[in-house]
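Raw entry-v4.cif, mmCIF, C-alpha atoms:
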data_coords
loop_
_atom_site.group_PDB
_atom_site.id
_atom_site.type_symbol
_atom_site.label_atom_id
_atom_site.label_comp_id
_atom_site.auth_asym_id
_atom_site.auth_seq_id
_atom_site.Cartn_x
_atom_site.Cartn_y
_atom_site.Cartn_z
ATOM 1 C CA MET A 21 -34.167 10.618 -22.208
ATOM 2 C CA THR A 22 -34.883 14.310 -22.291
ATOM 3 C CA SER A 23 -34.598 14.449 -18.510
ATOM 4 C CA HIS A 24 -30.829 13.864 -18.822
ATOM 5 C CA GLN A 25 -29.056 17.140 -18.563
ATOM 6 C CA VAL A 26 -26.518 17.654 -21.310
ATOM 7 C CA VAL A 27 -23.288 18.841 -19.727
ATOM 8 C CA PRO A 28 -21.785 21.863 -21.554
ATOM 9 C CA ILE A 29 -18.620 21.170 -23.581
ATOM 10 C CA LYS A 30 -16.672 23.739 -21.563
ATOM 11 C CA VAL A 31 -17.262 21.708 -18.367
ATOM 12 C CA TYR A 32 -15.727 18.606 -19.999
ATOM 13 C CA VAL A 33 -12.809 20.644 -21.339
ATOM 14 C CA ALA A 34 -12.279 22.197 -17.885
ATOM 15 C CA VAL A 35 -12.166 18.708 -16.311
ATOM 16 C CA TRP A 36 -9.668 17.587 -18.957
ATOM 17 C CA ALA A 37 -7.477 20.661 -18.274
ATOM 18 C CA ALA A 38 -7.647 20.017 -14.511
ATOM 19 C CA LEU A 39 -6.694 16.340 -15.009
ATOM 20 C CA SER A 40 -3.731 17.315 -17.202
ATOM 21 C CA ILE A 41 -2.510 19.948 -14.733
ATOM 22 C CA LEU A 42 -2.858 17.459 -11.853
ATOM 23 C CA THR A 43 -0.784 14.930 -13.847
ATOM 24 C CA MET A 44 2.039 17.487 -14.143
ATOM 25 C CA THR A 45 1.584 18.330 -10.443
ATOM 26 C CA THR A 46 1.880 14.699 -9.336
ATOM 27 C CA TRP A 47 5.146 14.434 -11.305
ATOM 28 C CA GLN A 48 6.606 17.698 -9.939
ATOM 29 C CA VAL A 49 5.651 16.835 -6.340
ATOM 30 C CA ALA A 50 7.262 13.388 -6.717
ATOM 31 C CA LEU A 51 10.602 15.077 -7.507
ATOM 32 C CA ILE A 52 10.664 16.738 -4.070
ATOM 33 C CA ASP A 53 11.708 14.625 -1.091
ATOM 34 C CA LEU A 54 8.792 14.890 1.336
ATOM 35 C CA GLY A 55 9.551 11.689 3.226
ATOM 36 C CA PRO A 56 6.352 9.796 4.049
ATOM 37 C CA PHE A 57 4.297 12.616 2.558
ATOM 38 C CA ASN A 58 5.358 11.718 -0.990
ATOM 39 C CA ILE A 59 2.979 8.760 -1.086
ATOM 40 C CA ILE A 60 0.239 10.736 0.699
ATOM 41 C CA ALA A 61 0.530 13.542 -1.888
ATOM 42 C CA ALA A 62 0.527 11.049 -4.802
ATOM 43 C CA ILE A 63 -2.569 9.228 -3.529
ATOM 44 C CA THR A 64 -4.390 12.487 -2.697
ATOM 45 C CA ILE A 65 -3.851 13.860 -6.222
ATOM 46 C CA ALA A 66 -4.907 10.513 -7.751
ATOM 47 C CA VAL A 67 -8.089 10.485 -5.629
ATOM 48 C CA VAL A 68 -8.937 14.059 -6.705
ATOM 49 C CA LYS A 69 -8.448 13.031 -10.366
ATOM 50 C CA MET A 70 -10.585 9.932 -9.829
ATOM 51 C CA LEU A 71 -13.398 12.002 -8.274
ATOM 52 C CA LEU A 72 -13.340 14.404 -11.247
ATOM 53 C CA VAL A 73 -13.639 11.508 -13.706
ATOM 54 C CA VAL A 74 -16.306 9.685 -11.685
ATOM 55 C CA THR A 75 -18.562 12.677 -10.977
ATOM 56 C CA ILE A 76 -18.386 14.473 -14.332
ATOM 57 C CA PHE A 77 -17.136 12.124 -17.094
ATOM 58 C CA MET A 78 -19.051 9.149 -15.664
ATOM 59 C CA HIS A 79 -22.141 11.253 -14.878
ATOM 60 C CA VAL A 80 -22.461 10.077 -11.276
ATOM 61 C CA ARG A 81 -23.398 13.645 -10.310
ATOM 62 C CA GLN A 82 -26.570 13.264 -12.431
ATOM 63 C CA ALA A 83 -27.182 9.567 -11.716
ATOM 64 C CA ASP A 84 -30.024 8.342 -9.530
ATOM 65 C CA SER A 85 -29.438 7.593 -5.859
ATOM 66 C CA LEU A 86 -29.268 3.783 -6.278
ATOM 67 C CA THR A 87 -26.368 4.123 -8.741
ATOM 68 C CA ARG A 88 -24.640 6.549 -6.371
ATOM 69 C CA LEU A 89 -25.071 4.047 -3.547
ATOM 70 C CA TYR A 90 -23.432 1.334 -5.699
ATOM 71 C CA VAL A 91 -20.490 3.592 -6.552
ATOM 72 C CA GLY A 92 -20.003 4.583 -2.922
ATOM 73 C CA ALA A 93 -20.254 0.950 -1.784
ATOM 74 C CA GLY A 94 -17.615 -0.089 -4.321
ATOM 75 C CA PHE A 95 -15.033 2.313 -3.002
ATOM 76 C CA LEU A 96 -15.999 1.510 0.589
ATOM 77 C CA TRP A 97 -15.234 -2.193 -0.020
ATOM 78 C CA LEU A 98 -11.891 -1.293 -1.582
ATOM 79 C CA VAL A 99 -11.010 0.794 1.492
ATOM 80 C CA ILE A 100 -12.007 -2.173 3.726
ATOM 81 C CA LEU A 101 -9.798 -4.525 1.648
ATOM 82 C CA LEU A 102 -6.715 -2.286 1.749
ATOM 83 C CA GLY A 103 -7.394 -1.048 5.300
ATOM 84 C CA ILE A 104 -7.575 -4.480 6.928
ATOM 85 C CA LEU A 105 -4.588 -5.656 4.866
ATOM 86 C CA LEU A 106 -2.487 -2.746 6.188
ATOM 87 C CA CYS A 107 -3.737 -3.262 9.763
ATOM 88 C CA ASP A 108 -2.178 -6.729 9.585
ATOM 89 C CA TYR A 109 1.133 -6.006 7.899
ATOM 90 C CA LEU A 110 1.895 -2.622 9.460
ATOM 91 C CA SER A 111 1.159 -3.821 13.008
ATOM 92 C CA ARG A 112 3.357 -6.934 12.885
ATOM 93 C CA SER A 113 6.432 -5.085 14.147
ATOM 94 C CA TRP A 114 4.512 -3.783 17.175
ATOM 95 C CA ILE A 115 4.529 -7.185 18.874
ATOM 96 C CA PRO A 116 7.663 -7.553 21.084
ATOM 97 C CA GLY A 117 10.039 -9.924 19.334
ATOM 98 C CA GLY A 118 7.748 -10.015 16.322
ATOM 99 C CA GLN A 119 9.107 -9.733 12.829
ATOM 100 C CA PHE A 120 7.738 -7.623 10.055
ATOM 101 C CA TRP A 121 8.654 -10.348 7.604
ATOM 102 C CA PRO A 122 11.028 -13.310 7.894
ATOM 103 C CA SER A 123 14.473 -12.233 6.752
ATOM 104 C CA GLY A 124 17.076 -14.258 4.914
ATOM 105 C CA PRO A 125 16.832 -16.480 1.845
ATOM 106 C CA ALA A 126 13.602 -18.083 3.073
ATOM 107 C CA MET A 127 11.640 -14.952 2.205
ATOM 108 C CA ILE A 128 12.325 -15.377 -1.496
ATOM 109 C CA VAL A 129 10.428 -18.640 -1.643
ATOM 110 C CA GLY A 130 7.718 -17.229 0.562
ATOM 111 C CA GLY A 131 8.800 -18.982 3.774
ATOM 112 C CA MET B 15 -36.804 4.051 -21.707
ATOM 113 C CA GLU B 16 -35.665 6.147 -18.793
ATOM 114 C CA GLN B 17 -35.863 3.151 -16.464
ATOM 115 C CA GLN B 18 -34.013 0.947 -18.968
ATOM 116 C CA PHE B 19 -31.229 3.529 -19.145
ATOM 117 C CA SER B 20 -30.932 3.669 -15.337
ATOM 118 C CA SER B 21 -30.924 -0.142 -15.082
ATOM 119 C CA ALA B 22 -28.185 -0.443 -17.698
ATOM 120 C CA GLN B 23 -26.141 2.214 -15.921
ATOM 121 C CA LEU B 24 -26.600 0.442 -12.581
ATOM 122 C CA GLY B 25 -25.709 -2.935 -14.119
ATOM 123 C CA MET B 26 -22.521 -1.508 -15.613
ATOM 124 C CA TRP B 27 -21.535 -0.070 -12.242
ATOM 125 C CA ALA B 28 -22.158 -3.483 -10.653
ATOM 126 C CA PHE B 29 -19.684 -4.924 -13.162
ATOM 127 C CA LEU B 30 -17.228 -2.094 -12.534
ATOM 128 C CA LEU B 31 -17.377 -2.850 -8.789
ATOM 129 C CA THR B 32 -16.133 -6.393 -9.506
ATOM 130 C CA GLU B 33 -13.390 -4.769 -11.588
ATOM 131 C CA ILE B 34 -12.494 -2.466 -8.681
ATOM 132 C CA MET B 35 -12.064 -5.509 -6.425
ATOM 133 C CA PHE B 36 -10.107 -7.344 -9.155
ATOM 134 C CA PHE B 37 -7.594 -4.525 -9.544
ATOM 135 C CA GLY B 38 -7.871 -3.937 -5.769
ATOM 136 C CA GLY B 39 -6.248 -7.323 -5.124
ATOM 137 C CA MET B 40 -3.215 -6.312 -7.178
ATOM 138 C CA PHE B 41 -3.071 -2.891 -5.521
ATOM 139 C CA GLY B 42 -3.190 -4.788 -2.206
ATOM 140 C CA ALA B 43 -0.217 -6.962 -3.190
ATOM 141 C CA TYR B 44 1.610 -3.803 -4.265
ATOM 142 C CA THR B 45 0.857 -2.083 -0.936
ATOM 143 C CA VAL B 46 2.141 -5.019 1.136
ATOM 144 C CA TYR B 47 5.383 -5.488 -0.813
ATOM 145 C CA ARG B 48 6.096 -1.784 -1.043
ATOM 146 C CA SER B 49 5.725 -1.424 2.740
ATOM 147 C CA MET B 50 8.095 -4.394 3.172
ATOM 148 C CA TYR B 51 10.786 -3.383 0.697
ATOM 149 C CA PRO B 52 10.609 0.443 0.462
ATOM 150 C CA GLY B 53 14.272 0.813 -0.548
ATOM 151 C CA ALA B 54 14.159 -1.711 -3.382
ATOM 152 C CA PHE B 55 10.890 -0.269 -4.692
ATOM 153 C CA GLN B 56 12.328 3.269 -4.701
ATOM 154 C CA SER B 57 15.398 2.089 -6.600
ATOM 155 C CA THR B 58 13.271 0.809 -9.505
ATOM 156 C CA THR B 59 12.133 4.313 -10.540
ATOM 157 C CA HIS B 60 15.585 4.777 -12.110
ATOM 158 C CA TYR B 61 14.639 2.073 -14.662
ATOM 159 C CA MET B 62 11.201 3.461 -15.478
ATOM 160 C CA ASN B 63 10.642 5.712 -18.484
ATOM 161 C CA VAL B 64 8.890 8.527 -16.606
ATOM 162 C CA THR B 65 8.579 10.715 -19.736
ATOM 163 C CA LEU B 66 6.693 8.025 -21.631
ATOM 164 C CA GLY B 67 4.636 7.143 -18.556
ATOM 165 C CA MET B 68 3.549 10.753 -18.229
ATOM 166 C CA ALA B 69 2.912 11.097 -21.976
ATOM 167 C CA ASN B 70 0.686 8.022 -21.742
ATOM 168 C CA THR B 71 -1.204 9.509 -18.791
ATOM 169 C CA LEU B 72 -1.925 12.653 -20.836
ATOM 170 C CA VAL B 73 -2.949 10.542 -23.869
ATOM 171 C CA LEU B 74 -5.378 8.530 -21.762
ATOM 172 C CA ILE B 75 -6.870 11.653 -20.159
ATOM 173 C CA ALA B 76 -7.379 13.111 -23.653
ATOM 174 C CA SER B 77 -9.102 9.870 -24.710
ATOM 175 C CA SER B 78 -11.428 10.182 -21.709
ATOM 176 C CA LEU B 79 -12.334 13.708 -22.833
ATOM 177 C CA THR B 80 -13.149 12.547 -26.388
ATOM 178 C CA MET B 81 -15.171 9.623 -24.941
ATOM 179 C CA ALA B 82 -17.195 12.025 -22.774
ATOM 180 C CA LEU B 83 -17.727 14.258 -25.831
ATOM 181 C CA ALA B 84 -18.849 11.204 -27.857
ATOM 182 C CA VAL B 85 -21.593 10.542 -25.290
ATOM 183 C CA ARG B 86 -22.538 14.230 -25.384
ATOM 184 C CA SER B 87 -22.701 14.183 -29.209
ATOM 185 C CA ALA B 88 -25.140 11.263 -29.025
ATOM 186 C CA GLN B 89 -27.211 13.153 -26.438
ATOM 187 C CA VAL B 90 -27.563 16.152 -28.778
ATOM 188 C CA ASP B 91 -28.048 13.917 -31.862
ATOM 189 C CA ASN B 92 -24.877 15.070 -33.629
ATOM 190 C CA GLN B 93 -24.066 11.917 -35.636
ATOM 191 C CA LYS B 94 -20.983 13.246 -37.382
ATOM 192 C CA MET B 95 -19.397 14.486 -34.147
ATOM 193 C CA LEU B 96 -20.246 11.164 -32.462
ATOM 194 C CA ARG B 97 -18.208 9.280 -35.078
ATOM 195 C CA ILE B 98 -15.333 11.764 -34.976
ATOM 196 C CA MET B 99 -15.134 11.455 -31.188
ATOM 197 C CA ILE B 100 -15.261 7.629 -31.248
ATOM 198 C CA VAL B 101 -12.467 7.571 -33.850
ATOM 199 C CA LEU B 102 -10.384 10.033 -31.782
ATOM 200 C CA THR B 103 -10.895 7.912 -28.652
ATOM 201 C CA LEU B 104 -9.772 4.825 -30.574
ATOM 202 C CA PHE B 105 -6.771 6.754 -31.912
ATOM 203 C CA PHE B 106 -5.647 7.828 -28.416
ATOM 204 C CA GLY B 107 -6.212 4.261 -27.217
ATOM 205 C CA PHE B 108 -3.874 2.888 -29.887
ATOM 206 C CA VAL B 109 -1.284 5.606 -29.196
ATOM 207 C CA PHE B 110 -1.344 4.513 -25.548
ATOM 208 C CA LEU B 111 -0.897 0.840 -26.464
ATOM 209 C CA GLY B 112 1.905 1.712 -28.910
ATOM 210 C CA ILE B 113 3.842 3.656 -26.261
ATOM 211 C CA LYS B 114 3.210 0.845 -23.764
ATOM 212 C CA GLY B 115 4.555 -1.698 -26.263
ATOM 213 C CA TYR B 116 7.678 0.422 -26.780
ATOM 214 C CA GLU B 117 8.204 0.537 -23.005
ATOM 215 C CA TYR B 118 7.798 -3.257 -22.745
ATOM 216 C CA HIS B 119 10.437 -3.615 -25.461
ATOM 217 C CA GLU B 120 12.775 -1.329 -23.493
ATOM 218 C CA LYS B 121 12.318 -3.510 -20.393
ATOM 219 C CA TRP B 122 13.021 -6.622 -22.490
ATOM 220 C CA VAL B 123 16.265 -5.138 -23.858
ATOM 221 C CA GLU B 124 17.337 -4.019 -20.357
ATOM 222 C CA HIS B 125 16.695 -7.504 -18.865
ATOM 223 C CA LEU B 126 14.054 -6.146 -16.505
ATOM 224 C CA ILE B 127 11.489 -8.871 -17.189
ATOM 225 C CA PRO B 128 11.182 -11.096 -14.081
ATOM 226 C CA GLY B 129 12.603 -14.554 -14.616
ATOM 227 C CA PRO B 130 15.946 -16.271 -15.157
ATOM 228 C CA HIS B 131 17.335 -13.421 -17.301
ATOM 229 C CA PHE B 132 16.447 -10.651 -14.855
ATOM 230 C CA GLU B 133 19.459 -8.395 -14.220
ATOM 231 C CA TYR B 134 19.615 -5.616 -11.676
ATOM 232 C CA ASN B 135 22.460 -3.189 -11.008
ATOM 233 C CA VAL B 136 21.875 -3.043 -7.259
ATOM 234 C CA PRO B 137 22.683 -6.625 -6.149
ATOM 235 C CA ASN B 138 21.174 -6.253 -2.648
ATOM 236 C CA TYR B 139 17.845 -5.299 -4.146
ATOM 237 C CA ALA B 140 17.781 -7.711 -7.097
ATOM 238 C CA HIS B 141 15.243 -10.169 -5.652
ATOM 239 C CA GLN B 142 13.037 -7.502 -4.090
ATOM 240 C CA ALA B 143 13.075 -5.266 -7.173
ATOM 241 C CA GLN B 144 12.009 -8.247 -9.253
ATOM 242 C CA ILE B 145 8.757 -8.279 -7.248
ATOM 243 C CA LEU B 146 8.083 -4.682 -8.326
ATOM 244 C CA PHE B 147 8.719 -5.565 -11.967
ATOM 245 C CA PHE B 148 6.447 -8.579 -11.624
ATOM 246 C CA LEU B 149 3.715 -6.272 -10.272
ATOM 247 C CA TYR B 150 4.495 -3.727 -13.007
ATOM 248 C CA PHE B 151 3.902 -6.263 -15.779
ATOM 249 C CA ALA B 152 0.884 -7.828 -14.058
ATOM 250 C CA MET B 153 -0.825 -4.486 -13.432
ATOM 251 C CA THR B 154 0.044 -2.646 -16.669
ATOM 252 C CA GLY B 155 -0.550 -5.878 -18.635
ATOM 253 C CA THR B 156 -4.042 -6.334 -17.173
ATOM 254 C CA HIS B 157 -4.677 -2.644 -17.787
ATOM 255 C CA ALA B 158 -3.495 -2.959 -21.420
ATOM 256 C CA LEU B 159 -5.764 -5.996 -21.893
ATOM 257 C CA HIS B 160 -8.672 -3.836 -20.711
ATOM 258 C CA MET B 161 -7.633 -1.189 -23.250
ATOM 259 C CA VAL B 162 -7.644 -3.779 -26.048
ATOM 260 C CA ILE B 163 -11.141 -4.918 -25.017
ATOM 261 C CA GLY B 164 -12.166 -1.242 -24.857
ATOM 262 C CA ALA B 165 -10.860 -0.688 -28.395
ATOM 263 C CA GLY B 166 -12.984 -3.634 -29.555
ATOM 264 C CA LEU B 167 -16.060 -2.149 -27.865
ATOM 265 C CA LEU B 168 -15.384 1.255 -29.456
ATOM 266 C CA THR B 169 -15.121 -0.387 -32.887
ATOM 267 C CA TYR B 170 -18.530 -1.965 -32.221
ATOM 268 C CA LEU B 171 -19.900 1.498 -31.323
ATOM 269 C CA LEU B 172 -18.454 2.967 -34.512
ATOM 270 C CA ILE B 173 -20.099 0.292 -36.691
ATOM 271 C CA LYS B 174 -23.439 0.744 -34.883
ATOM 272 C CA SER B 175 -23.241 4.522 -35.245
ATOM 273 C CA TYR B 176 -22.782 4.133 -39.038
ATOM 274 C CA LYS B 177 -25.949 2.050 -39.032
ATOM 275 C CA GLY B 178 -27.682 4.969 -37.326
ATOM 276 C CA SER B 179 -28.412 3.043 -34.132
ATOM 277 C CA PHE B 180 -27.890 5.944 -31.745
ATOM 278 C CA SER B 181 -29.867 9.120 -31.205
ATOM 279 C CA SER B 182 -30.767 11.459 -28.383
ATOM 280 C CA HIS B 183 -33.549 8.965 -27.544
ATOM 281 C CA TYR B 184 -31.271 5.928 -27.404
ATOM 282 C CA TYR B 185 -27.558 6.084 -26.648
ATOM 283 C CA THR B 186 -27.314 3.575 -23.776
ATOM 284 C CA PRO B 187 -24.423 1.528 -25.325
ATOM 285 C CA VAL B 188 -22.385 4.721 -25.838
ATOM 286 C CA GLU B 189 -22.896 5.717 -22.199
ATOM 287 C CA ILE B 190 -22.152 2.184 -20.874
ATOM 288 C CA ILE B 191 -18.973 1.671 -22.924
ATOM 289 C CA GLY B 192 -17.997 5.218 -21.904
ATOM 290 C CA LEU B 193 -18.244 4.161 -18.245
ATOM 291 C CA TYR B 194 -15.914 1.237 -18.962
ATOM 292 C CA TRP B 195 -13.412 3.455 -20.805
ATOM 293 C CA HIS B 196 -13.339 6.027 -17.963
ATOM 294 C CA PHE B 197 -12.864 3.222 -15.421
ATOM 295 C CA VAL B 198 -9.769 1.992 -17.296
ATOM 296 C CA ASP B 199 -8.520 5.586 -17.289
ATOM 297 C CA ILE B 200 -8.959 5.768 -13.488
ATOM 298 C CA VAL B 201 -6.915 2.567 -13.021
ATOM 299 C CA TRP B 202 -4.050 4.189 -14.951
ATOM 300 C CA ILE B 203 -4.394 7.421 -12.909
ATOM 301 C CA PHE B 204 -3.374 5.311 -9.882
ATOM 302 C CA LEU B 205 -0.839 3.108 -11.687
ATOM 303 C CA PHE B 206 1.229 6.040 -12.977
ATOM 304 C CA PRO B 207 2.328 7.561 -9.616
ATOM 305 C CA LEU B 208 2.538 4.130 -7.932
ATOM 306 C CA LEU B 209 4.756 2.480 -10.560
ATOM 307 C CA TYR B 210 6.734 5.321 -12.162
ATOM 308 C CA LEU B 211 7.266 7.879 -9.400
ATOM 309 C CA ILE B 212 8.041 5.828 -6.236
ATOM 310 C CA GLY B 213 11.621 7.082 -5.904
ATOM 311 C CA ALA B 214 11.549 10.002 -8.322
ATOM 312 C CA HIS B 215 12.965 12.398 -5.701
ATOM 313 C CA LEU B 216 16.114 10.230 -5.433
ATOM 314 C CA HIS B 217 16.904 10.661 -9.120
ATOM 315 C CA ALA B 218 15.835 14.305 -9.528
#
Written as structure tokens, how would this file's structure read?
Amino acid sequence: MTSHQVVPIKVYVAVWAALSILTMTTWQVALIDLGPFNIIAAITIAVVKMLLVVTIFMHVRQADSLTRLYVGAGFLWLVILLGILLCDYLSRSWIPGGQFWPSGPAMIVGG
Amino acid sequence: MEQQFSSAQLGMWAFLLTEIMFFGGMFGAYTVYRSMYPGAFQSTTHYMNVTLGMANTLVLIASSLTMALAVRSAQVDNQKMLRIMIVLTLFFGFVFLGIKGYEYHEKWVEHLIPGPHFEYNVPNYAHQAQILFFLYFAMTGTHALHMVIGAGLLTYLLIKSYKGSFSSHYYTPVEIIGLYWHFVDIVWIFLFPLLYLIGAHLHA
């Protein structure tokens, strides 16, 4: 396994520092009222943190191309799942007379 | 050996992809209900312990660092450091679970567990907020279960490392269990802002 590059300790420590700073950032940004951009900021920071963990801690940067393809495919399927789900629910109110969700007591029991 | 390592890595990622879709279903449920009941979801942040949630995020990130350093220690054949890093990772894992348990107890005392004894100060939002707390317990509970399994796997690694099973020529189990541990960390990276900080600006 000599072909596996050993990542220097300082790179791991730098990633850890970046993740910790981003955690504080996500908290500080959440305290400011940005309207719809609050959720966009939260998700963006989380995605940046995820990419740091995946590429460096999980060694995807050094992995072979088949593993990279798997990783990419996994996140692509997740985007398809959430994307199509939102296309349905967010577009319901666009139909004239359509309802986003039935209102009243019926909604509690899932009617 | 090199091919075996790559195959094991690929196989672990295949498993992690099923885990992504598993947690993805719950994130999907969260997305739908949050878009339906934005007001009720924002109101729940008042009942979340943001300080402990953030402390737990930092603890988990630290445990990911020690896990990555454990793999590195195996790569450079440093047996002593490998054990120290596995023990530190386990320690941070248990700190996380301890804080999580304390938070669950807080929710129990405050009647925030969904069910017949659920009480909510904002009557209009009571039913809708209960959905968020249901998702909170489902998602953090599944995450905590993964942490417990991870702690078991780390204990296995620790025992194997005392038997001298790992070296720079063979450390596949350390790498594979490391992948699992980092994945659980990533799930929490998303859970923290989505569950604890939804309406933080309202209570600032």
Write out as a CSV table (one decimal) with C-alpha atoms, in the frame of the given file every residue belonging to chain A that has an atom at most 6 Å from any atom of chain B, counting only C-alpha atoms.
chain,number,residue,atom,x,y,z
A,21,MET,CA,-34.2,10.6,-22.2
A,50,ALA,CA,7.3,13.4,-6.7
A,51,LEU,CA,10.6,15.1,-7.5
A,52,ILE,CA,10.7,16.7,-4.1
A,53,ASP,CA,11.7,14.6,-1.1
A,66,ALA,CA,-4.9,10.5,-7.8
A,70,MET,CA,-10.6,9.9,-9.8
A,77,PHE,CA,-17.1,12.1,-17.1
A,78,MET,CA,-19.1,9.1,-15.7
A,87,THR,CA,-26.4,4.1,-8.7
A,94,GLY,CA,-17.6,-0.1,-4.3
A,102,LEU,CA,-6.7,-2.3,1.7
Centre, edges in Å (one decimal): axis-aligned box, stretch 145-151 of chain B, 8 Å padding on all six sides, as AutoDock Vina command-line options:
--center_x 6.2 --center_y -6.2 --center_z -11.5 --size_x 21.0 --size_y 20.9 --size_z 24.5
Report as a count of residues only the full result of the PyMOL selection byres ((chain B and resi 136) around 12) when it is applied to this structure. 19
Ground truth for the PyMOL selection byres ((chain A and resi 42) around 12), written as an mmCIF file with C-alpha atoms, keeping the file's coordinate frame:
data_model
loop_
_atom_site.group_PDB
_atom_site.id
_atom_site.type_symbol
_atom_site.label_atom_id
_atom_site.label_comp_id
_atom_site.auth_asym_id
_atom_site.auth_seq_id
_atom_site.Cartn_x
_atom_site.Cartn_y
_atom_site.Cartn_z
ATOM 1 C CA VAL A 35 -12.166 18.708 -16.311
ATOM 2 C CA TRP A 36 -9.668 17.587 -18.957
ATOM 3 C CA ALA A 37 -7.477 20.661 -18.274
ATOM 4 C CA ALA A 38 -7.647 20.017 -14.511
ATOM 5 C CA LEU A 39 -6.694 16.340 -15.009
ATOM 6 C CA SER A 40 -3.731 17.315 -17.202
ATOM 7 C CA ILE A 41 -2.510 19.948 -14.733
ATOM 8 C CA THR A 43 -0.784 14.930 -13.847
ATOM 9 C CA MET A 44 2.039 17.487 -14.143
ATOM 10 C CA THR A 45 1.584 18.330 -10.443
ATOM 11 C CA THR A 46 1.880 14.699 -9.336
ATOM 12 C CA TRP A 47 5.146 14.434 -11.305
ATOM 13 C CA GLN A 48 6.606 17.698 -9.939
ATOM 14 C CA VAL A 49 5.651 16.835 -6.340
ATOM 15 C CA ALA A 61 0.530 13.542 -1.888
ATOM 16 C CA ALA A 62 0.527 11.049 -4.802
ATOM 17 C CA ILE A 63 -2.569 9.228 -3.529
ATOM 18 C CA THR A 64 -4.390 12.487 -2.697
ATOM 19 C CA ILE A 65 -3.851 13.860 -6.222
ATOM 20 C CA ALA A 66 -4.907 10.513 -7.751
ATOM 21 C CA VAL A 67 -8.089 10.485 -5.629
ATOM 22 C CA VAL A 68 -8.937 14.059 -6.705
ATOM 23 C CA LYS A 69 -8.448 13.031 -10.366
ATOM 24 C CA MET A 70 -10.585 9.932 -9.829
ATOM 25 C CA LEU A 72 -13.340 14.404 -11.247
ATOM 26 C CA MET B 68 3.549 10.753 -18.229
ATOM 27 C CA THR B 71 -1.204 9.509 -18.791
ATOM 28 C CA LEU B 72 -1.925 12.653 -20.836
ATOM 29 C CA ILE B 75 -6.870 11.653 -20.159
ATOM 30 C CA ILE B 203 -4.394 7.421 -12.909
ATOM 31 C CA PRO B 207 2.328 7.561 -9.616
#
Starting from the displayed file, determine the output of the PyMOL selection byres ((chain A and resi 110) around 12) and express the residue list as a list in words. Leu102, Gly103, Ile104, Leu105, Leu106, Cys107, Asp108, Tyr109, Ser111, Arg112, Ser113, Trp114, Ile115, Gly118, Gln119, Phe120 and Trp121 of chain A; Thr45, Val46, Tyr47, Arg48, Ser49 and Met50 of chain B
Can you tell me how far atom CA of B:Glu124 sits from atom CA of B:Ala158, in Å to one decimal? 20.9 Å
Interatomic distance between atom CA of A:Tyr90 and atom CA of B:Ala88? 25.4 Å
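When atom CA of B:Thr156 is paired with atom CA of B:Lys114, their separation reads 12.1 Å.
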Name all residues at most 10 Å from A:Ile76 (count all atoms listed in the file; drop same-chain ones fewer than 5 positions away) and give them as a ChimeraX atom specification. /A:27,31-32,35,71,81-82 /B:82
Output as an mmCIF file, keeping the file's coordinate frame: stretch 169-180 of chain B, completed with N, CA and C atoms.
data_model
loop_
_atom_site.group_PDB
_atom_site.id
_atom_site.type_symbol
_atom_site.label_atom_id
_atom_site.label_comp_id
_atom_site.auth_asym_id
_atom_site.auth_seq_id
_atom_site.Cartn_x
_atom_site.Cartn_y
_atom_site.Cartn_z
ATOM 1 N N THR B 169 -14.922 -0.035 -31.479
ATOM 2 C CA THR B 169 -15.121 -0.387 -32.887
ATOM 3 C C THR B 169 -16.573 -0.795 -33.117
ATOM 4 N N TYR B 170 -17.114 -1.577 -32.153
ATOM 5 C CA TYR B 170 -18.530 -1.965 -32.221
ATOM 6 C C TYR B 170 -19.421 -0.721 -32.244
ATOM 7 N N LEU B 171 -19.112 0.258 -31.364
ATOM 8 C CA LEU B 171 -19.900 1.498 -31.323
ATOM 9 C C LEU B 171 -19.844 2.239 -32.653
ATOM 10 N N LEU B 172 -18.637 2.243 -33.246
ATOM 11 C CA LEU B 172 -18.454 2.967 -34.512
ATOM 12 C C LEU B 172 -19.314 2.338 -35.612
ATOM 13 N N ILE B 173 -19.292 0.987 -35.679
ATOM 14 C CA ILE B 173 -20.099 0.292 -36.691
ATOM 15 C C ILE B 173 -21.575 0.581 -36.467
ATOM 16 N N LYS B 174 -22.029 0.486 -35.193
ATOM 17 C CA LYS B 174 -23.439 0.744 -34.883
ATOM 18 C C LYS B 174 -23.835 2.173 -35.214
ATOM 19 N N SER B 175 -22.890 3.121 -34.984
ATOM 20 C CA SER B 175 -23.241 4.522 -35.245
ATOM 21 C C SER B 175 -23.396 4.763 -36.751
ATOM 22 N N TYR B 176 -22.609 4.019 -37.580
ATOM 23 C CA TYR B 176 -22.782 4.133 -39.038
ATOM 24 C C TYR B 176 -24.119 3.568 -39.488
ATOM 25 N N LYS B 177 -24.633 2.606 -38.712
ATOM 26 C CA LYS B 177 -25.949 2.050 -39.032
ATOM 27 C C LYS B 177 -27.069 2.939 -38.496
ATOM 28 N N GLY B 178 -26.679 4.042 -37.843
ATOM 29 C CA GLY B 178 -27.682 4.969 -37.326
ATOM 30 C C GLY B 178 -28.426 4.455 -36.112
ATOM 31 N N SER B 179 -27.729 3.648 -35.281
ATOM 32 C CA SER B 179 -28.412 3.043 -34.132
ATOM 33 C C SER B 179 -28.620 4.010 -32.969
ATOM 34 N N PHE B 180 -27.830 5.084 -32.936
ATOM 35 C CA PHE B 180 -27.890 5.944 -31.745
ATOM 36 C C PHE B 180 -28.522 7.300 -32.063
#
